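Asks: For reference, the file structure.cif (mmCIF, C-alpha atoms) is included below:
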data_input
loop_
_atom_site.label_atom_id
_atom_site.label_comp_id
_atom_site.auth_asym_id
_atom_site.auth_seq_id
_atom_site.Cartn_x
_atom_site.Cartn_y
_atom_site.Cartn_z
CA MET A 1 -16.51 156.46 84.04
CA TYR A 2 -15.83 154.82 87.39
CA ARG A 3 -14.60 151.66 85.65
CA PHE A 4 -12.27 153.75 83.46
CA LEU A 5 -10.77 155.52 86.47
CA LYS A 6 -10.34 152.22 88.25
CA LEU A 7 -8.56 150.69 85.26
CA SER A 8 -6.35 153.76 84.92
CA PHE A 9 -5.41 153.53 88.57
CA LEU A 10 -4.56 149.83 88.23
CA VAL A 11 -2.42 150.52 85.15
CA MET A 12 -0.56 153.25 87.04
CA ILE A 13 0.07 150.91 90.00
CA ILE A 14 1.36 148.18 87.68
CA PHE A 15 3.61 150.71 85.93
CA ILE A 16 5.06 152.04 89.18
CA PHE A 17 5.69 148.67 90.79
CA GLY A 18 6.55 146.89 87.56
CA CYS A 19 9.35 149.29 86.69
CA SER A 20 12.74 148.97 88.30
CA ALA A 21 13.77 151.84 90.56
CA GLU A 22 17.36 150.67 90.83
CA GLY A 23 20.56 151.06 88.88
CA GLU A 24 24.14 150.02 89.58
CA ILE A 25 27.59 151.58 89.49
CA LYS A 26 30.87 149.67 89.27
CA VAL A 27 34.14 151.50 90.01
CA THR A 28 37.41 149.75 89.10
CA ASN A 29 40.85 150.78 90.32
CA LYS A 30 43.25 150.88 87.36
CA THR A 31 45.89 153.15 88.91
CA GLY A 32 48.38 150.35 89.61
CA GLU A 33 48.43 151.18 93.34
CA TRP A 34 45.96 151.47 96.23
CA LEU A 35 42.92 153.68 95.85
CA GLN A 36 40.24 154.86 98.25
CA VAL A 37 36.89 155.80 96.74
CA LYS A 38 33.61 157.04 98.15
CA ILE A 39 30.49 156.11 96.16
CA ASP A 40 27.34 157.96 97.12
CA GLY A 41 28.66 158.31 100.68
CA ASP A 42 30.06 154.77 101.16
CA THR A 43 33.86 154.31 101.34
CA TYR A 44 35.81 151.47 99.71
CA ASP A 45 39.55 150.65 99.86
CA LEU A 46 40.69 149.07 96.61
CA ASP A 47 43.93 147.40 95.56
CA ASP A 48 44.97 147.50 91.92
CA TYR A 49 42.25 146.11 89.63
CA GLU A 50 39.84 145.60 92.51
CA TYR A 51 36.40 147.07 92.05
CA ALA A 52 33.47 148.25 94.13
CA GLU A 53 29.84 147.80 93.12
CA LYS A 54 26.87 149.59 94.60
CA THR A 55 23.15 149.39 93.86
CA ILE A 56 21.57 152.83 93.67
CA ASP A 57 17.95 153.45 94.62
CA LEU A 58 16.55 155.73 91.92
CA SER A 59 13.20 156.42 93.57
CA ASP A 60 12.58 159.96 94.73
CA TYR A 61 10.34 160.13 97.81
CA GLY A 62 8.71 156.86 96.76
CA LEU A 63 8.10 157.95 93.17
CA TYR A 64 9.66 156.17 90.22
CA SER A 65 12.63 157.81 88.50
CA ASP A 66 14.69 156.40 85.65
CA GLU A 67 18.00 158.09 86.52
CA LYS A 68 19.97 159.73 89.32
CA GLU A 69 23.24 161.65 89.73
CA VAL A 70 25.78 159.89 91.98
CA THR A 71 29.08 161.36 93.20
CA VAL A 72 32.29 159.31 93.10
CA GLU A 73 35.24 160.85 94.95
CA GLY A 74 38.51 159.70 96.43
CA GLU A 75 42.30 159.62 96.21
CA GLY A 76 45.13 157.13 95.82
CA LEU A 77 48.88 156.75 96.01
CA VAL A 78 49.20 157.83 92.36
CA LYS A 79 45.86 159.62 92.04
CA TRP A 80 45.26 163.22 93.07
CA GLU A 81 42.07 163.86 95.03
CA PHE A 82 39.09 163.78 92.67
CA SER A 83 35.32 164.14 92.61
CA LYS A 84 32.95 163.54 89.69
CA ASP A 85 29.22 163.00 89.19
CA TYR A 86 27.86 160.12 87.10
CA THR A 87 24.34 159.46 85.81
CA ILE A 88 22.93 156.11 86.96
CA LYS A 89 20.04 154.73 84.90
CA ALA A 90 17.43 152.11 85.78
CA ASP A 91 18.42 148.49 85.06
CA LYS A 92 21.85 149.64 83.83
CA THR A 93 25.35 149.30 85.26
CA LYS A 94 27.53 152.39 84.98
CA LYS A 95 31.17 151.29 84.66
CA VAL A 96 33.81 153.74 85.89
CA ASN A 97 37.56 153.14 85.57
CA ILE A 98 39.93 155.23 87.71
CA TYR A 99 43.42 155.77 86.25
CA ALA A 100 46.62 157.24 87.71
CA ASP A 101 47.32 160.92 87.06
CA CYS A 102 50.53 161.48 89.09
CA GLY A 103 53.55 159.69 90.52
CA ALA A 104 54.67 159.14 94.11
CA ILE A 105 57.79 159.28 96.26
CA LYS A 106 58.21 156.97 99.25
CA VAL A 107 60.92 157.62 101.83
CA TRP A 108 61.73 154.55 103.94
CA ASN A 109 63.88 154.99 107.03
CA SER A 110 65.85 151.73 107.14
CA SER A 111 68.34 153.09 109.67
CA TYR A 112 68.05 153.28 113.45
CA ARG A 113 68.22 157.05 113.35
CA THR A 114 65.26 159.43 113.00
CA ILE A 115 64.71 161.42 109.80
CA VAL A 116 63.90 165.02 110.70
CA SER A 117 63.78 166.68 107.25
CA VAL A 118 62.84 165.64 103.72
CA TYR A 119 63.34 167.90 100.70
CA LEU A 120 61.59 167.05 97.43
CA SER A 121 62.56 169.37 94.60
CA PRO A 122 62.19 169.35 90.79
CA SER A 123 65.59 168.63 89.26
CA SER A 124 65.48 171.90 87.31
CA ASN A 125 65.50 173.96 90.53
CA TYR A 126 68.75 175.37 91.94
CA ASN A 127 67.39 175.28 95.49
CA TRP A 128 65.88 172.55 97.61
CA GLY A 129 62.86 174.59 98.58
CA TYR A 130 61.24 174.12 101.96
CA ASP A 131 61.15 171.06 104.19
CA ASP A 132 58.38 168.72 102.97
CA LEU A 133 58.31 166.64 106.16
CA ASP A 134 55.77 167.59 108.81
CA GLY A 135 57.02 165.69 111.85
CA TYR A 136 59.52 162.81 111.82
CA ILE A 137 60.16 159.49 110.10
CA TYR A 138 61.12 157.06 112.81
CA SER A 139 63.15 153.90 112.26
CA GLY A 140 61.24 151.41 110.13
CA TYR A 141 58.60 153.87 108.95
CA ILE A 142 57.72 155.01 105.44
CA HIS A 143 56.21 158.35 104.47
CA SER A 144 54.69 158.94 101.04
CA TRP A 145 54.11 161.96 98.83
CA ARG A 146 52.18 162.25 95.60
CA CYS A 147 54.09 164.23 92.99
CA ALA A 148 53.67 165.55 89.47
CA SER A 149 55.46 163.53 86.78
CA GLY A 150 58.97 164.71 85.93
CA TYR A 151 62.53 164.67 87.31
CA TRP A 152 62.94 164.97 91.07
CA ASP A 153 65.78 165.37 93.56
CA VAL A 154 65.46 163.97 97.09
CA LYS A 155 67.37 164.87 100.24
CA VAL A 156 66.87 163.55 103.78
CA ILE A 157 68.52 164.72 107.02
CA ASP A 158 68.60 162.67 110.23
CA ASP A 159 68.66 163.69 113.88
CA TYR A 160 72.46 163.25 114.02
CA GLY A 161 72.81 166.00 111.41
CA TYR A 162 73.80 163.67 108.55
CA TYR A 163 72.20 163.70 105.12
CA SER A 164 71.78 161.66 101.94
CA THR A 165 70.72 162.81 98.46
CA SER A 166 69.55 161.37 95.16
CA TYR A 167 69.42 163.44 91.96
CA ASP A 168 67.61 163.37 88.60
CA ASN A 169 65.08 160.64 89.34
CA TYR A 170 62.45 160.49 86.61
CA ILE A 171 59.00 159.65 87.97
CA SER A 172 56.27 159.00 85.43
CA VAL A 173 52.51 158.91 85.95
CA GLY A 174 51.66 155.78 87.92
CA GLU A 175 55.27 155.20 89.05
CA VAL A 176 56.47 155.04 92.67
CA TYR A 177 60.07 156.07 93.43
CA TRP A 178 61.57 154.56 96.60
CA PHE A 179 64.25 156.43 98.55
CA THR A 180 65.68 154.11 101.22
CA TYR A 181 67.74 155.76 103.94
CA TYR A 182 70.33 153.43 105.49
CA GLY A 183 72.11 156.13 107.47
CA SER A 184 74.89 158.47 106.35
CA ASN A 185 78.22 159.90 107.40
CA ASN A 186 77.81 163.12 105.39
CA PRO A 187 77.52 165.98 107.90
CA GLU A 188 74.98 168.69 107.10
CA MET A 189 76.23 172.27 107.34
CA MET A 190 75.03 174.07 110.44
CA ASN A 191 72.60 177.01 110.26
CA GLN A 192 71.33 176.23 106.77
CA PRO A 193 68.84 178.74 105.30
CA GLU A 194 65.20 177.73 104.85
CA ASN A 195 65.63 177.32 101.08
CA PRO A 196 69.15 175.81 100.78
CA THR A 197 71.09 175.70 97.51
CA LYS A 198 71.72 172.29 95.96
CA GLN A 199 75.30 171.06 95.90
CA LYS A 200 75.16 169.52 92.44
CA ALA A 201 77.11 171.45 89.80
CA ASN A 202 74.58 172.00 87.02
CA PRO A 203 70.85 171.60 87.59
CA GLN A 204 69.43 170.35 84.31
CA SER A 205 67.04 172.84 82.74
CA ASP A 206 65.67 170.04 80.57
CA LYS A 207 64.87 167.91 83.63
CA PHE A 208 61.34 169.23 83.66
CA GLY A 209 58.85 168.85 86.47
CA ASP A 210 56.57 171.19 88.38
CA ASP A 211 56.72 171.46 92.15
CA ARG A 212 53.36 169.97 93.04
CA THR A 213 53.62 167.50 95.90
CA GLU A 214 51.08 166.33 98.43
CA LYS A 215 51.86 164.33 101.56
CA LEU A 216 49.67 161.33 102.29
CA GLN A 217 48.13 161.01 105.72
CA PHE A 218 49.10 157.60 107.07
CA PRO A 219 52.75 156.49 107.44
CA GLU A 220 53.45 152.81 106.79
CA HIS A 221 55.74 150.63 108.88
CA ARG A 222 58.41 148.19 107.76
CA GLU A 223 61.23 146.70 109.83
CA PRO A 224 64.69 148.22 109.12
CA ASP A 225 67.17 145.82 107.58
CA ILE A 226 70.46 147.44 108.58
CA ASP A 227 72.03 148.77 111.79
CA ASN A 228 72.94 152.46 111.83
#
Would you give me this structure, written as structure tokens?

Replies:
Amino acid sequence: MYRFLKLSFLVMIIFIFGCSAEGEIKVTNKTGEWLQVKIDGDTYDLDDYEYAEKTIDLSDYGLYSDEKEVTVEGEGLVKWEFSKDYTIKADKTKKVNIYADCGAIKVWNSSYRTIVSVYLSPSSNYNWGYDDLDGYIYSGYIHSWRCASGYWDVKVIDDYGYYSTSYDNYISVGEVYWFTYYGSNNPEMMNQPENPTKQKANPQSDKFGDDRTEKLQFPEHREPDIDN
């Protein structure tokens, strides 16, 4: 009996230490733009088609386990914020591809003025809506917004009271639309209401697009290439 228990104990030890208690997850950025992901608490910044790999310890308080749930979360220039759980199995690599699900609008101030307002509005709307800029865009800086796919109108106003517009810009999933402001001599009307009417004659009802936008946190910098 003692010999049987001893053999059983040895078999159990061999089983525990002979089995792998690790799995792996590989997350690849296929959005076409930059992506930031967090895998089981660790953060990775990925350019297009870059990937992050992480080995996952599957043991639970020292005991062998053959699988574990791991959370992958993040956001990108053309990827809304996301969070999803994946099952990691022992001796297996879980491959996860992250794809774009929205577009983006970048406003670059290439003048020597300061942009004080930015309006981003679906082309089907008769009004500009509310100011989408929280703060300012100084000379040489770029601010970015994620946006739903569709047709968009863009309007910027500088600190001299001049404005520039661009209408009916189609932005598809994964696409980035650049609006470069070189300065303008178009004076903005004084005392505009909070939700000003667009000046174009006929907003296109077929220029679909919902009004979901989301400003990204960190402005980029690029030297202006024109004097204004």

Asks: Please enumerate the residues selected by the PyMOL selection byres ((chain A and resi 148) around 6) when evaluated against the supplied file, formatted as a list in words.

Replies: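 After applying the PyMOL selection byres ((chain A and resi 148) around 6), what remains is Cys102, Gly103, Cys147, Ser149 and Arg212 of chain A.
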
Asks: Now that the selection is made, can you save its residues with C-alpha atoms as a PDB file, in the frame of the given file?

Replies:
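The resulting file, out_3.pdb, is shown below:
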ATOM      1  CA  CYS A 102      50.530 161.480  89.090  1.00  0.00           C
ATOM      2  CA  GLY A 103      53.550 159.690  90.520  1.00  0.00           C
ATOM      3  CA  CYS A 147      54.090 164.230  92.990  1.00  0.00           C
ATOM      4  CA  SER A 149      55.460 163.530  86.780  1.00  0.00           C
ATOM      5  CA  ARG A 212      53.360 169.970  93.040  1.00  0.00           C
TER       6      ARG A 212
END

Asks: For the provided coordinates, the residues matched by the PyMOL selection byres ((chain A and resi 119) around 9) should be stated as a ChimeraX atom specification.

Replies: /A:117-118,120-121,128-133,153-157

Asks: Selected by the PyMOL selection byres ((chain A and resi 58) around 6) in the shown coordinates: which residues, as a PDB file with C-alpha atoms, in the frame of the given file?

Replies:
ATOM      1  CA  ALA A  21      13.770 151.840  90.560  1.00  0.00           C
ATOM      2  CA  GLU A  22      17.360 150.670  90.830  1.00  0.00           C
ATOM      3  CA  ASP A  57      17.950 153.450  94.620  1.00  0.00           C
ATOM      4  CA  SER A  59      13.200 156.420  93.570  1.00  0.00           C
ATOM      5  CA  SER A  65      12.630 157.810  88.500  1.00  0.00           C
ATOM      6  CA  LYS A  68      19.970 159.730  89.320  1.00  0.00           C
TER       7      LYS A  68
END

Asks: Need the axis-aligned box for range 92-103 of chain A with 4 Å each side, so what are the centre and edges in Å to one decimal, as AutoDock Vina command-line options?

Replies:
--center_x 37.7 --center_y 155.4 --center_z 87.2 --size_x 39.7 --size_y 20.2 --size_z 14.7

Asks: Using Å and a single decimal, report how far CA of Val78 in chain A sits from CA of Tyr181 in chain A.

Replies: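 We find that CA of Tyr181 in chain A and CA of Val78 in chain A lie 22.0 Å from each other.
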
Asks: Select, from A:Trp34, A:Tyr182, A:Tyr170, A:Tyr177, the residue with the minimum atom-to-atom distance to Ile98 in chain A, counting all atoms listed in the file.

Replies: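 Of all the options, A:Trp34 lies closest to Ile98 in chain A.
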
Asks: For each of A:Thr114, A:Thr55, A:Asn169, A:Asn109, take the minimum atom-to-atom distance to His143 in chain A, counting all atoms listed in the file, then give the residue where this is smallest.

Replies: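 Residue with the minimum atom-to-atom distance to His143 in chain A: A:Asn109.
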
Asks: Could you please determine the separation between CA of Tyr151 in chain A and CA of Glu75 in chain A in Å, to one decimal place?

Replies: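 Taking CA of Tyr151 in chain A and CA of Glu75 in chain A, their separation equals 22.7 Å.
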
Asks: Just how far from CA of Lys26 in chain A is CA of Lys54 in chain A, in Å to one decimal?

Replies: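 If I compute the distance from CA of Lys54 in chain A to CA of Lys26 in chain A, I get 6.7 Å.
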
Asks: Skipping near chain neighbours, those fewer than 5 positions away, what residues fall within 12 Å of Ser184 in chain A using only C-alpha atoms, listed as a PDB file with C-alpha atoms, in the frame of the given file?

Replies:
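Produced file part23.pdb, reproduced below:
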ATOM      1  CA  ASN A 109      63.880 154.990 107.030  1.00  0.00           C
ATOM      2  CA  SER A 110      65.850 151.730 107.140  1.00  0.00           C
ATOM      3  CA  SER A 111      68.340 153.090 109.670  1.00  0.00           C
ATOM      4  CA  TYR A 112      68.050 153.280 113.450  1.00  0.00           C
ATOM      5  CA  ARG A 113      68.220 157.050 113.350  1.00  0.00           C
ATOM      6  CA  THR A 114      65.260 159.430 113.000  1.00  0.00           C
ATOM      7  CA  ILE A 115      64.710 161.420 109.800  1.00  0.00           C
ATOM      8  CA  LYS A 155      67.370 164.870 100.240  1.00  0.00           C
ATOM      9  CA  VAL A 156      66.870 163.550 103.780  1.00  0.00           C
ATOM     10  CA  ILE A 157      68.520 164.720 107.020  1.00  0.00           C
ATOM     11  CA  ASP A 158      68.600 162.670 110.230  1.00  0.00           C
ATOM     12  CA  ASP A 159      68.660 163.690 113.880  1.00  0.00           C
ATOM     13  CA  TYR A 160      72.460 163.250 114.020  1.00  0.00           C
ATOM     14  CA  GLY A 161      72.810 166.000 111.410  1.00  0.00           C
ATOM     15  CA  TYR A 162      73.800 163.670 108.550  1.00  0.00           C
ATOM     16  CA  TYR A 163      72.200 163.700 105.120  1.00  0.00           C
ATOM     17  CA  SER A 164      71.780 161.660 101.940  1.00  0.00           C
ATOM     18  CA  THR A 165      70.720 162.810  98.460  1.00  0.00           C
ATOM     19  CA  ASP A 227      72.030 148.770 111.790  1.00  0.00           C
ATOM     20  CA  ASN A 228      72.940 152.460 111.830  1.00  0.00           C
TER      21      ASN A 228
END

Asks: Taking all atoms listed in the file into account, which of A:Asn185, A:Asn97, A:Thr71, A:Thr180 comes nearest Lys30 in chain A?

Replies: A:Asn97

Asks: Residues around (24.3, 149.4, 89.5), cut-off 7 Å, counting all atoms listed in the file - what are they as an MDAnalysis selection string?

Replies: chainID A and resid 23:26 53:56 92:94

Asks: Atoms to include: C-alpha atoms. Write the selected residues as a PDB file, keeping the file's coordinate frame.

Replies:
ATOM      1  CA  GLY A  23      20.560 151.060  88.880  1.00  0.00           C
ATOM      2  CA  GLU A  24      24.140 150.020  89.580  1.00  0.00           C
ATOM      3  CA  ILE A  25      27.590 151.580  89.490  1.00  0.00           C
ATOM      4  CA  LYS A  26      30.870 149.670  89.270  1.00  0.00           C
ATOM      5  CA  GLU A  53      29.840 147.800  93.120  1.00  0.00           C
ATOM      6  CA  LYS A  54      26.870 149.590  94.600  1.00  0.00           C
ATOM      7  CA  THR A  55      23.150 149.390  93.860  1.00  0.00           C
ATOM      8  CA  ILE A  56      21.570 152.830  93.670  1.00  0.00           C
ATOM      9  CA  LYS A  92      21.850 149.640  83.830  1.00  0.00           C
ATOM     10  CA  THR A  93      25.350 149.300  85.260  1.00  0.00           C
ATOM     11  CA  LYS A  94      27.530 152.390  84.980  1.00  0.00           C
TER      12      LYS A  94
END
